[in-house]
>>> print(open('structure38.pdb').read())   # PDB, C-alpha atoms
MODEL        1
ATOM      1  CA  MET U 282       0.000   0.000   0.000
ATOM      2  CA  MET U 283       1.331   3.454  -0.860
ATOM      3  CA  LYS U 284       2.279   5.948   1.778
ATOM      4  CA  THR U 285      -0.444   8.438   2.551
ATOM      5  CA  THR U 286       1.580  10.766   4.774
ATOM      6  CA  HIS U 287       2.531  14.257   3.706
ATOM      7  CA  ASP U 288       6.172  13.856   4.778
ATOM      8  CA  SER U 289       7.715  13.587   1.302
ATOM      9  CA  PRO U 290       7.418  16.543  -1.056
ATOM     10  CA  ILE U 291       5.558  16.170  -4.332
ATOM     11  CA  LEU U 292       7.582  17.369  -7.312
ATOM     12  CA  VAL U 293       5.708  19.654  -9.692
ATOM     13  CA  THR U 294       7.541  20.316 -12.956
ATOM     14  CA  GLY U 295       6.548  23.266 -15.122
ATOM     15  CA  ALA U 296       5.496  24.889 -11.889
ATOM     16  CA  VAL U 297       5.039  28.395 -13.290
ATOM     17  CA  GLY U 298       2.685  27.231 -16.042
ATOM     18  CA  ALA U 299      -1.092  27.402 -15.825
ATOM     19  CA  ILE U 300      -1.485  23.823 -14.588
ATOM     20  CA  GLY U 301       1.694  23.823 -12.502
ATOM     21  CA  ARG U 302       0.968  26.912 -10.456
ATOM     22  CA  ASN U 303      -2.661  25.931  -9.833
ATOM     23  CA  LEU U 304      -1.583  22.395  -8.925
ATOM     24  CA  THR U 305       1.063  23.730  -6.540
ATOM     25  CA  ALA U 306      -1.488  25.913  -4.762
ATOM     26  CA  MET U 307      -4.019  23.079  -4.517
ATOM     27  CA  LEU U 308      -1.526  20.581  -3.106
ATOM     28  CA  LEU U 309      -0.213  23.062  -0.561
ATOM     29  CA  ALA U 310      -3.776  23.872   0.500
ATOM     30  CA  LYS U 311      -4.311  20.149   1.175
ATOM     31  CA  GLY U 312      -1.270  20.040   3.446
ATOM     32  CA  HIS U 313       1.230  18.467   1.069
ATOM     33  CA  LYS U 314       4.804  19.621   0.763
ATOM     34  CA  VAL U 315       5.582  20.740  -2.789
ATOM     35  CA  ARG U 316       8.908  21.015  -4.568
ATOM     36  CA  ALA U 317       8.397  23.267  -7.579
ATOM     37  CA  LEU U 318      10.788  22.946 -10.515
ATOM     38  CA  VAL U 319      11.352  26.142 -12.524
ATOM     39  CA  ARG U 320      13.561  26.972 -15.501
ATOM     40  CA  ARG U 321      14.658  30.340 -14.135
ATOM     41  CA  GLU U 322      14.515  32.443 -11.014
ATOM     42  CA  ASP U 323      12.055  35.279 -11.505
ATOM     43  CA  GLU U 324       8.969  36.832  -9.932
ATOM     44  CA  ARG U 325       6.916  33.738 -10.769
ATOM     45  CA  ALA U 326       9.325  31.573  -8.764
ATOM     46  CA  ASP U 327       9.093  34.048  -5.896
ATOM     47  CA  ALA U 328       5.302  33.785  -6.024
ATOM     48  CA  LEU U 329       5.556  30.002  -5.599
ATOM     49  CA  ARG U 330       7.797  30.492  -2.551
ATOM     50  CA  ARG U 331       5.255  32.848  -1.027
ATOM     51  CA  LEU U 332       2.667  30.095  -1.397
ATOM     52  CA  GLY U 333       4.929  27.820   0.640
ATOM     53  CA  ALA U 334       6.613  25.731  -2.069
ATOM     54  CA  GLU U 335      10.263  24.712  -2.091
ATOM     55  CA  VAL U 336      11.541  26.082  -5.398
ATOM     56  CA  VAL U 337      14.306  24.312  -7.347
ATOM     57  CA  GLN U 338      15.822  25.745 -10.507
ATOM     58  CA  GLY U 339      16.733  23.232 -13.168
ATOM     59  CA  ASP U 340      16.380  21.796 -16.649
ATOM     60  CA  LEU U 341      14.356  18.679 -17.425
ATOM     61  CA  THR U 342      17.007  17.504 -19.897
ATOM     62  CA  ASP U 343      19.855  17.797 -17.380
ATOM     63  CA  LEU U 344      20.618  14.740 -15.207
ATOM     64  CA  ALA U 345      22.109  16.706 -12.320
ATOM     65  CA  SER U 346      19.105  19.039 -12.248
ATOM     66  CA  MET U 347      16.672  16.157 -12.126
ATOM     67  CA  HIS U 348      18.549  14.365  -9.343
ATOM     68  CA  ARG U 349      18.337  17.555  -7.258
ATOM     69  CA  ALA U 350      14.660  17.895  -8.069
ATOM     70  CA  ILE U 351      13.552  14.283  -7.602
ATOM     71  CA  GLU U 352      15.672  13.009  -4.704
ATOM     72  CA  GLY U 353      13.440  12.700  -1.639
ATOM     73  CA  CYS U 354      10.182  13.031  -3.622
ATOM     74  CA  ALA U 355       7.759  10.108  -3.666
ATOM     75  CA  ARG U 356       5.357  11.489  -6.256
ATOM     76  CA  ILE U 357       5.932  13.476  -9.447
ATOM     77  CA  TYR U 358       3.816  15.555 -11.782
ATOM     78  CA  PHE U 359       5.500  15.741 -15.184
ATOM     79  CA  GLY U 360       4.236  18.443 -17.502
ATOM     80  CA  MET U 361       6.135  20.311 -20.185
ATOM     81  CA  SER U 362       5.163  22.848 -22.801
ATOM     82  CA  VAL U 363       5.704  22.427 -26.547
ATOM     83  CA  SER U 364       9.390  21.828 -27.234
ATOM     84  CA  ALA U 365      11.671  19.988 -29.651
ATOM     85  CA  VAL U 366      13.352  18.334 -26.626
ATOM     86  CA  TYR U 367      10.092  17.058 -25.130
ATOM     87  CA  LEU U 368      10.926  13.378 -25.628
ATOM     88  CA  GLU U 369      14.460  13.796 -24.264
ATOM     89  CA  ALA U 370      13.083  15.585 -21.204
ATOM     90  CA  THR U 371      10.504  12.856 -20.590
ATOM     91  CA  VAL U 372      13.001   9.998 -20.780
ATOM     92  CA  ASN U 373      15.595  11.884 -18.735
ATOM     93  CA  THR U 374      13.071  12.588 -15.980
ATOM     94  CA  ALA U 375      11.735   9.032 -16.072
ATOM     95  CA  ALA U 376      15.218   7.528 -15.781
ATOM     96  CA  VAL U 377      16.014   9.581 -12.700
ATOM     97  CA  ALA U 378      12.577   8.937 -11.222
ATOM     98  CA  ARG U 379      13.079   5.184 -11.592
ATOM     99  CA  HIS U 380      16.543   5.457 -10.013
ATOM    100  CA  HIS U 381      15.016   7.120  -6.939
ATOM    101  CA  GLY U 382      12.108   4.679  -6.722
ATOM    102  CA  VAL U 383       9.190   7.099  -6.936
ATOM    103  CA  GLU U 384       5.766   5.686  -6.102
ATOM    104  CA  ALA U 385       3.729   7.673  -8.639
ATOM    105  CA  PHE U 386       4.562   9.472 -11.900
ATOM    106  CA  VAL U 387       1.666  11.522 -13.278
ATOM    107  CA  ASN U 388       2.305  12.328 -16.937
ATOM    108  CA  MET U 389       0.519  15.177 -18.705
ATOM    109  CA  SER U 390      -0.109  14.131 -22.293
ATOM    110  CA  GLN U 391      -2.685  15.191 -24.935
ATOM    111  CA  MET U 392      -6.069  13.903 -26.044
ATOM    112  CA  THR U 393      -4.806  13.569 -29.630
ATOM    113  CA  VAL U 394      -2.768  10.528 -28.555
ATOM    114  CA  THR U 395      -6.026   8.544 -28.414
ATOM    115  CA  GLN U 396      -6.133   8.746 -32.231
ATOM    116  CA  MET U 397      -2.664   7.233 -32.724
ATOM    117  CA  SER U 398      -1.353   3.680 -32.889
ATOM    118  CA  ILE U 399       1.798   1.808 -33.826
ATOM    119  CA  SER U 400       0.736   1.994 -37.483
ATOM    120  CA  GLU U 401      -0.738   5.509 -37.584
ATOM    121  CA  THR U 402       0.422   8.672 -35.847
ATOM    122  CA  THR U 403      -0.051  12.264 -36.977
ATOM    123  CA  GLN U 404       1.480  15.013 -39.081
ATOM    124  CA  SER U 405       1.962  17.134 -35.958
ATOM    125  CA  PRO U 406       5.541  16.700 -34.650
ATOM    126  CA  GLN U 407       4.529  17.742 -31.128
ATOM    127  CA  HIS U 408       1.605  15.348 -30.946
ATOM    128  CA  LYS U 409       3.847  12.530 -32.142
ATOM    129  CA  LEU U 410       6.338  13.363 -29.382
ATOM    130  CA  HIS U 411       3.545  12.964 -26.828
ATOM    131  CA  TRP U 412       2.704   9.552 -28.296
ATOM    132  CA  LEU U 413       6.333   8.463 -28.233
ATOM    133  CA  ALA U 414       6.731   9.717 -24.668
ATOM    134  CA  GLU U 415       3.750   7.624 -23.584
ATOM    135  CA  GLN U 416       5.351   4.570 -25.203
ATOM    136  CA  ALA U 417       8.628   5.184 -23.383
ATOM    137  CA  LEU U 418       6.878   5.604 -20.042
ATOM    138  CA  SER U 419       4.913   2.385 -20.565
ATOM    139  CA  TRP U 420       8.233   0.549 -21.072
ATOM    140  CA  SER U 421       9.911   2.234 -18.106
ATOM    141  CA  GLY U 422       8.400   0.130 -15.347
ATOM    142  CA  LEU U 423       7.430   3.303 -13.489
ATOM    143  CA  PRO U 424       4.077   3.576 -11.683
ATOM    144  CA  VAL U 425       2.586   5.904 -14.297
ATOM    145  CA  VAL U 426      -0.774   7.670 -14.439
ATOM    146  CA  THR U 427      -1.480   9.376 -17.772
ATOM    147  CA  VAL U 428      -3.706  12.423 -18.061
ATOM    148  CA  ARG U 429      -4.838  13.477 -21.551
ATOM    149  CA  PRO U 430      -6.701  16.786 -21.645
ATOM    150  CA  THR U 431      -8.273  18.136 -24.779
ATOM    151  CA  VAL U 432      -7.576  21.693 -25.973
ATOM    152  CA  PHE U 433      -7.106  24.169 -23.120
ATOM    153  CA  LEU U 434      -9.839  26.750 -22.760
ATOM    154  CA  GLU U 435      -7.499  29.507 -21.602
ATOM    155  CA  ASN U 436      -4.799  29.041 -24.253
ATOM    156  CA  PHE U 437      -6.982  28.870 -27.354
ATOM    157  CA  PHE U 438     -10.312  30.475 -26.554
ATOM    158  CA  LEU U 439      -9.184  33.235 -24.202
ATOM    159  CA  LEU U 440      -5.573  33.968 -25.179
ATOM    160  CA  LEU U 441      -5.103  33.199 -28.880
ATOM    161  CA  ALA U 442      -8.641  34.184 -29.861
ATOM    162  CA  ALA U 443      -8.844  37.385 -27.833
ATOM    163  CA  ALA U 444      -7.454  39.801 -30.442
ATOM    164  CA  SER U 445      -9.631  38.580 -33.320
ATOM    165  CA  VAL U 446     -12.779  38.598 -31.160
ATOM    166  CA  ARG U 447     -12.018  42.097 -29.893
ATOM    167  CA  ASP U 448     -10.891  43.673 -33.164
ATOM    168  CA  ALA U 449     -12.824  41.809 -35.886
ATOM    169  CA  ASP U 450     -15.758  40.054 -34.218
ATOM    170  CA  GLU U 451     -14.168  36.764 -35.291
ATOM    171  CA  LEU U 452     -13.299  33.632 -33.388
ATOM    172  CA  ALA U 453     -10.219  32.933 -35.515
ATOM    173  CA  LEU U 454      -8.638  29.578 -34.669
ATOM    174  CA  PRO U 455      -6.964  26.829 -36.755
ATOM    175  CA  MET U 456      -9.448  24.086 -35.890
ATOM    176  CA  GLY U 457     -11.238  23.384 -39.168
ATOM    177  CA  ALA U 458     -14.748  21.958 -39.140
ATOM    178  CA  GLY U 459     -14.159  19.388 -36.423
ATOM    179  CA  LYS U 460     -15.551  19.338 -32.931
ATOM    180  CA  THR U 461     -13.666  20.045 -29.736
ATOM    181  CA  SER U 462     -14.396  20.141 -26.030
ATOM    182  CA  PRO U 463     -12.204  22.761 -24.351
ATOM    183  CA  VAL U 464     -11.242  22.148 -20.740
ATOM    184  CA  SER U 465     -10.022  24.611 -18.129
ATOM    185  CA  SER U 466      -6.465  24.240 -16.877
ATOM    186  CA  VAL U 467      -7.839  24.780 -13.360
ATOM    187  CA  ASP U 468     -10.048  21.703 -13.723
ATOM    188  CA  VAL U 469      -7.118  19.687 -15.083
ATOM    189  CA  ALA U 470      -4.991  20.780 -12.105
ATOM    190  CA  ARG U 471      -7.816  19.768  -9.768
ATOM    191  CA  ALA U 472      -7.891  16.269 -11.290
ATOM    192  CA  VAL U 473      -4.105  15.891 -11.039
ATOM    193  CA  ALA U 474      -4.160  17.072  -7.410
ATOM    194  CA  ALA U 475      -6.720  14.382  -6.583
ATOM    195  CA  ILE U 476      -4.548  11.713  -8.240
ATOM    196  CA  LEU U 477      -1.369  12.832  -6.472
ATOM    197  CA  GLY U 478      -3.168  12.974  -3.152
ATOM    198  CA  ASP U 479      -3.968   9.248  -3.349
ATOM    199  CA  PRO U 480      -2.265   7.727  -6.401
ATOM    200  CA  ALA U 481      -2.621   4.021  -5.613
ATOM    201  CA  PRO U 482      -6.056   3.493  -7.264
ATOM    202  CA  HIS U 483      -4.927   5.327 -10.405
ATOM    203  CA  ILE U 484      -1.610   3.663 -11.268
ATOM    204  CA  GLY U 485      -1.683   2.317 -14.823
ATOM    205  CA  HIS U 486      -4.800   4.272 -15.764
ATOM    206  CA  ILE U 487      -5.286   6.810 -18.563
ATOM    207  CA  TYR U 488      -7.720   9.670 -18.014
ATOM    208  CA  ASN U 489      -9.118  11.674 -20.919
ATOM    209  CA  LEU U 490     -10.217  15.080 -19.642
ATOM    210  CA  THR U 491     -12.718  17.172 -21.585
ATOM    211  CA  GLY U 492     -15.012  20.093 -21.070
ATOM    212  CA  PRO U 493     -18.783  19.697 -20.551
ATOM    213  CA  GLU U 494     -19.681  19.492 -24.247
ATOM    214  CA  SER U 495     -18.215  18.665 -27.650
ATOM    215  CA  ALA U 496     -19.152  21.074 -30.422
ATOM    216  CA  ASP U 497     -17.845  22.745 -33.570
ATOM    217  CA  LEU U 498     -16.374  26.224 -33.556
ATOM    218  CA  ASP U 499     -19.547  27.819 -34.912
ATOM    219  CA  HIS U 500     -21.175  26.758 -31.642
ATOM    220  CA  TYR U 501     -18.426  28.386 -29.573
ATOM    221  CA  ALA U 502     -18.701  31.546 -31.670
ATOM    222  CA  ARG U 503     -22.367  31.691 -30.651
ATOM    223  CA  VAL U 504     -21.314  31.298 -27.007
ATOM    224  CA  PHE U 505     -19.037  34.321 -27.416
ATOM    225  CA  SER U 506     -21.905  36.198 -29.086
ATOM    226  CA  GLU U 507     -24.261  35.545 -26.192
ATOM    227  CA  ALA U 508     -21.643  36.532 -23.626
ATOM    228  CA  LEU U 509     -20.587  39.749 -25.382
ATOM    229  CA  GLY U 510     -23.957  40.845 -26.741
ATOM    230  CA  ARG U 511     -22.761  41.118 -30.334
ATOM    231  CA  THR U 512     -22.389  38.711 -33.242
ATOM    232  CA  ILE U 513     -19.121  36.756 -33.380
ATOM    233  CA  HIS U 514     -18.379  34.516 -36.379
ATOM    234  CA  TYR U 515     -15.961  31.600 -36.513
ATOM    235  CA  ARG U 516     -13.157  31.721 -39.081
ATOM    236  CA  ASP U 517     -10.842  28.772 -39.672
ATOM    237  CA  ALA U 518      -7.517  30.606 -39.465
ATOM    238  CA  PRO U 519      -4.308  29.136 -40.958
ATOM    239  CA  ILE U 520      -1.756  27.935 -38.412
ATOM    240  CA  SER U 521       0.794  30.451 -39.722
ATOM    241  CA  GLU U 522      -1.544  33.267 -38.686
TER     242      GLU U 522
ENDMDL
END
>>> encode(input="structure38.pdb", output="structure tokens")
Amino acid sequence: MMKTTHDSPILVTGAVGAIGRNLTAMLLAKGHKVRALVRREDERADALRRLGAEVVQGDLTDLASMHRAIEGCARIYFGMSVSAVYLEATVNTAAVARHHGVEAFVNMSQMTVTQMSISETTQSPQHKLHWLAEQALSWSGLPVVTVRPTVFLENFFLLLAAASVRDADELALPMGAGKTSPVSSVDVARAVAAILGDPAPHIGHIYNLTGPESADLDHYARVFSEALGRTIHYRDAPISE
């Protein structure tokens, strides 16, 4: 049976990101110790310290950094933003985690991985890296829990779309005619916090996290229209834009 005490810190990588900082706050509020890994020392790292986290500066691709970060931690949240070194960072972190005998490794992946297999992946290099990382973790022998959220509400619908909605009454996103179900990073962090709080029942499981409904972008344009009191149209914008 896994330890349920709060004596060992939980490592949160990507701790200044939307999920990482919310997860850090939630775990601390539940009485857990948190070791927050950051790329650089700045005001965001200071904010984590004020919350009560132990902040460690390091690089996910650097062995020495990851030994400093992982040693003494029983549970790990691994999350990393889009990067060409994503697979290297995953394997590097997993190798050190296995060396230190962690009891739970929660991996943040992507919903698109559900559409891939050994014979069919995707044209997206980043999505393929997520698929490959999941394969490597499944071979690692680590006690892994995989979380696959769909598109993040904040990133696409509130950040990337803000300018076009404000300036042109357009919800301009590169999502074609397909359906999506945006999920809040706060809700994803809440799910990860629950898993890390008691990981034993979740080891080996994959959780696909979505918002409350799946709909095309014309539907979400109407949601914007109702909220803003003016007509917003969806435009399938090219990725380059």
>>> residues_near_point(input="structure38.pdb", point="(-8.4, 27.2, -33.3)", cutoff="8 Å", atoms="only C-alpha atoms", output="JSON list (two decimals) with C-alpha atoms, keeping the file's coordinate frame")
[["chain", "number", "residue", "atom", "x", "y", "z"],
["U", 437, "PHE", "CA", -6.98, 28.87, -27.35],
["U", 438, "PHE", "CA", -10.31, 30.48, -26.55],
["U", 442, "ALA", "CA", -8.64, 34.18, -29.86],
["U", 453, "ALA", "CA", -10.22, 32.93, -35.52],
["U", 454, "LEU", "CA", -8.64, 29.58, -34.67],
["U", 455, "PRO", "CA", -6.96, 26.83, -36.76],
["U", 456, "MET", "CA", -9.45, 24.09, -35.89],
["U", 457, "GLY", "CA", -11.24, 23.38, -39.17],
["U", 517, "ASP", "CA", -10.84, 28.77, -39.67],
["U", 518, "ALA", "CA", -7.52, 30.61, -39.47]]
>>> atom_distance(input="structure38.pdb", atom1="atom CA of U:Thr427", atom2="atom CA of U:Met389")
6.2 Å
>>> resolve_selection(input="structure38.pdb", expression="the PyMOL selection byres ((chain U and resi 395) around 12)", output="list in words")
Ser390, Gln391, Met392, Thr393, Val394, Gln396, Met397, Ser398, Ile399, Glu401, Thr402, Thr403, His408, Lys409, His411, Trp412, Glu415, Thr427, Val428, Arg429, Pro430, Thr431, Ile487, Tyr488, Asn489 and Leu490 of chain U
>>> residues_near_point(input="structure38.pdb", point="(5.5, 13.4, -3.7)", cutoff="7 Å", atoms="all atoms listed in the file", output="ChimeraX atom specification")
/U:289-292,354-357
>>> atom_distance(input="structure38.pdb", atom1="atom CA of U:Pro463", atom2="atom CA of U:Leu477")
23.1 Å
